[in-house]
2 protein chains.
Amino acid sequence: MLFSKKFSLPLGFSFMGVNAGLKKEDLDFGVIYSTEKANAAAVFTENVLCGAPLVIGKKHLKKGFLNAIAVNSKNANVHTGEQGLRDALLTCELVAEKLNLPNAELVLPSSTGVIGEILPMDKIKRGIECLDRELGTSRKNFTNFCRAILTTDTTIKWAIVEVGKAKLVGIAKGAGMVSPSLATMLVFLLTDAKIAPHELKAMLKKSVSHSFNSLTIDGDMSTSDTVAIMANGLAGEVDLAEFYRALHSLNLHLGQKMLRDGEGITKVIELRIKNCSNSKDAEAIAKSILNSFLVKTAIFGESPNWGRIIMAIGKTKIKKIKPHLIKIFLLSRGKKILLSDVNLPQNASNYQSVLKTLKKKEVTLEIDLNLGDYEKTFWGTDVSDQSVKLNAEYIS
Amino acid sequence: MLFSKKFSLPLGFSFMGVNAGLKKEDLDFGVIYSTEKANAAAVFTENVLCGAPLVIGKKHLKKGFLNAIAVNSKNANVHTGEQGLRDALLTCELVAEKLNLPNAELVLPSSTGVIGEILPMDKIKRGIECLDRELGTSRKNFTNFCRAILTTDTTIKWAIVEVGKAKLVGIAKGAGMVSPSLATMLVFLLTDAKIAPHELKAMLKKSVSHSFNSLTIDGDMSTSDTVAIMANGLAGEVDLAEFYRALHSLNLHLGQKMLRDGEGITKVIELRIKNCSNSKDAEAIAKSILNSFLVKTAIFGESPNWGRIIMAIGKTKIKKIKPHLIKIFLLSRGKKILLSDVNLPQNASNYQSVLKTLKKKEVTLEIDLNLGDYEKTFWGTDVSDQSVKLNAEYIS
């Protein structure tokens with residue numbers, strides 16, 4: 001799947017990004033608006049203490065339509081009680097009024113930032129007031145929106161793919177969830193393809209499971225994670241299989257961008273779980289490995305310390321795992337090197353090539369469990385002394 | 001419970017610690033020997049890929065008796081297949097032969113160190129040969145044993161308590177499980193009290209659940225963790241309730257010593273879970289908080305970032321948790337400060353005293369869930385940039 005090199009957005013979407021006063025100078029409030037009522041779907045965090053915008057957003061998406069998405073950064077509107085719910089709803093009402101929408105349910109609210117502070121509605125209102133003059137379809141409008149949703153990200157993250165005559169743009173935010181309490185992944189996917197709400201929902205769910213939900217940076221799960229898609233149909237129908245492939249490669253691409261922007265990380269780890277019993281076990285094993293502090297520090301230290309991977313597999317407590325069946329490989333230019341040789345460090349003839357491969361910025365590991373035929377790929381990162389410093393020094 | 005200030009070991013136990021050549025110079029092989037066949041019990045790691053010594057040890061403890069414990073450091077004998085099992089058994093056979101024991105089942109094998117390397121039996125044999133001249137009851141013999149079982153610990157860890165006429169000594173090893181692949185907790189408890197095997201087992205299990213199993217440093221679970229107890233009866237019977245209190249305070253004490261020796265850590269966190277639904281939920285919530293990278297870095301940074309605690313509670317996915325019922329307190333000299341006030345940082349009158357309390361080396365948090373009446377205390381640590389460096393630089 002190739003990403004468009006020319007900047008050409010799907011039809012019918014306009015954007016705004018402004019400073020509403022939540023941050024001192026940076027942009028902090030953004031709106032996406034579709035001239036047509038769009039079919040829409042979203043996937044939210046599984047964190048049971050999720051934010052007020054997600055509670056309201058789930059309600060608004062029940063009918064499967066959206067005209068607009070309103071996002072603020074700096075304040076997550078999480079753990080803010082009844083007041084938080086009222087504020088998220090009021091945001092939708094004010095945006096709907098300003099955009100002449102028939103009702104507030106056509107607006108998805110989204111917030112990212114500090115947990116536990118009341119949303120400053122005077123500032124949000126100031127942001128909404130800007131819609132009159134700041135909403136537009138230019139590249140500037142678009143990148144302003146991309147900037148307005150950032151917290152600790154070092155760069156805006158977006159990409160465009162084409163599917164037949166239609167286009168699909170993805171905008172993401174998230175310093176890899178390795179960031180402070182501002183740590184949230186927001187992804188907004190917009191297309192002018194015509195796709196029925198139930199198709200949209202099924203495709204989004206499937207793709208998210210194999211992209212964003214298969215990557216982890218610090219094992220922490222934000223209270224605000226949201227992946228939303230709008231399809232306004234202005235470019236007509238498309239081949240659904242082709243659309244799915246485009247959607248999924250876009251999601252994988254945005255996921256990689258978030259991983260690489262993880263605070264203080266130095267390496268991205270690709271972990272291929274092979275011949276596992278089922279999807280649940282594969283996920284438990286992958287997350288145990290990719291969230292293990294000892295595995296992450298070993299990768300940071302470029303050490304072939306595969307015993308830590310064995311430890312992480314075993315601590316899943318999955319009883320059917322058999323030690324003598326497990327094989328751990330390091331992939332180097334398509335070649336597989338068996339890491340889990342007893343006495344690897346001292347004896348293996350390929351020890352030097354292992355050390356060389358571990359020096360790269362992308363480390364690919366394959367775990368063959370020999371328990372079945374299920375396989376899935378996951379992604380994670382190392383952890384550096386800088387990751388700790390950045391997270392410790394940040395004061396919300 | 002007061003710990004004995006004078007050095008007076010329980011009757012009938014002798015000790016050895018020598019350099020058998022596994023490490024370059026440091027002591028690396030130790031034996032505990034009881035002249036009487038002792039009632040015995042042990043609790044092992046739940047990691048399903050546990051080491052060969054644990055597989056053999058579980059068999060040997062089935063009858064509930066031990067005469068000796070043989071421990072080596074530097075090599076964990078984990079993930080070493082059939083050869084590993086033969087080596088652990090052979091170690092027991094050779095120790096039994098040397099000590100004139102009727103069978104190898106009276107010996108508990110224990111290994112800590114690197115995973116995935118074959119145990120160098122020539123060196124282990126050299127260590128066992130030393131029993132002739134190095135086994136003894138002196139303080140030197142005892143501290144040599146304490147030293148021989150260490151890996152990345154910076155100090156030996158032991159304490160003695162008295163129970164009536166009997167004594168109970170505990171010897172521990174573990175740089176807080178924050179250490180490299182050598183990360184293992186070993187605890188050996190020895191008493192001359194007379195206690196039946198089933199009593200011993202029940203008391204050990206209960207105490208471990210509320211001490212060692214309630215503390216976490218990096219969330220990683222060693223493949224070799226072992227807590228074993230021997231009671232040889234030479235001092236006669238004791239009050240069982242009194243013995244349990246002594247045992248438990250000893251275990252708590254040794255646990256605290258391990259936490260404080262955690263590599264690179266700067267603070268110990270005590271976490272009191274109050275008014276929870278049940279023990280399973282309390283444990284899930286506590287471990288989610290204490291293993292959260294974002295919570296640990298916040299504590300390291302002395303930041304009152306309680307939103308991260310909310311995030312960690314929510315990611316347990318326990319549906320009955322209700323956001324409006326949760327209260328997070330910081331304890332300061334017996335005074336409780338409510339942390340989870342919306343807008344704490346800006347508005348709270350006690351903000352300065354929160355910051356001051358967070359500067360201490362011991363931080364006590366209380367989470368009131370208002371879901372039931374179950375309560376339990378857990379312990380953890382922060383994570384520092386030094387923790388990452390120490391773990392990354394270590395090459396097994």
# chains A, B, ... in the order shown; residues from 1 in each chain; ligands from 1
call {"tool": "select_by_dssp", "arguments": {"residues": "segment 185-253 of chain B", "states": "strand (DSSP E)", "output": "ChimeraX atom specification"}}
result
/B:186-194,226-237
call {"tool": "write_last_selection", "arguments": {"atoms": "C-alpha atoms", "output": "compact mmCIF listing (two decimals), in the first residue's frame"}}
result
# COMPACT_ATOMS: atom_id res chain seq x y z
CA LEU B 186 15.47 -16.76 47.92
CA VAL B 187 14.46 -16.93 51.57
CA PHE B 188 15.55 -19.64 53.98
CA LEU B 189 13.88 -19.77 57.40
CA LEU B 190 15.38 -22.01 60.07
CA THR B 191 14.06 -22.71 63.54
CA ASP B 192 14.72 -25.12 66.38
CA ALA B 193 11.06 -24.97 67.40
CA LYS B 194 9.07 -28.17 67.09
CA THR B 226 11.76 -19.89 46.72
CA VAL B 227 10.82 -19.44 50.38
CA ALA B 228 11.69 -22.55 52.42
CA ILE B 229 11.38 -23.27 56.13
CA MET B 230 12.99 -25.97 58.29
CA ALA B 231 11.97 -26.71 61.89
CA ASN B 232 14.22 -29.27 63.58
CA GLY B 233 12.46 -29.34 66.97
CA LEU B 234 15.61 -29.18 69.12
CA ALA B 235 14.21 -26.39 71.31
CA GLY B 236 10.86 -28.12 71.81
CA GLU B 237 7.33 -26.90 71.32
call {"tool": "residues_around", "arguments": {"residues": "segment 357-361 of chain B", "least_positions_apart": "5", "cutoff": "8 Å", "atoms": "only C-alpha atoms", "output": "ChimeraX atom specification"}}
result
/B:266-268,299,302-304,331-332
call {"tool": "atom_distance", "arguments": {"atom1": "atom CA of Ala104 of chain B", "atom2": "atom CA of Leu89 of chain B"}}
result
7.6 Å
call {"tool": "closest_residue", "arguments": {"among": "A:Arg272, A:Lys206, A:Arg126, A:Lys257", "to": "Ile156 of chain A", "atoms": "only C-alpha atoms"}}
result
A:Lys257
call {"tool": "residues_around", "arguments": {"residues": "Glu93 of chain A", "least_positions_apart": "3", "cutoff": "10 Å", "atoms": "only C-alpha atoms", "output": "list in words"}}
result
Asp87, Ala88, Leu89, Leu90, Ala96, Glu97, Lys98, Leu99, Leu101, Pro102, Asn103, Ala104, Glu105, Leu106 and Val107 of chain A
call {"tool": "closest_residue", "arguments": {"among": "B:Val43, B:Ala298, B:Leu252, B:Ala76", "to": "chain A", "atoms": "only C-alpha atoms"}}
result
B:Ala298
call {"tool": "atom_distance", "arguments": {"atom1": "atom CA of Thr381 of chain A", "atom2": "atom CA of Val208 of chain A"}}
result
18.7 Å
call {"tool": "closest_residue", "arguments": {"among": "B:Ile337, B:Glu46, B:Gly170, B:Gly372", "to": "chain A", "atoms": "only C-alpha atoms"}}
result
B:Glu46
call {"tool": "select_by_dssp", "arguments": {"residues": "segment 145-217 of chain A", "states": "alpha helix (DSSP H)", "output": "ChimeraX atom specification"}}
result
/A:145-148,197-210
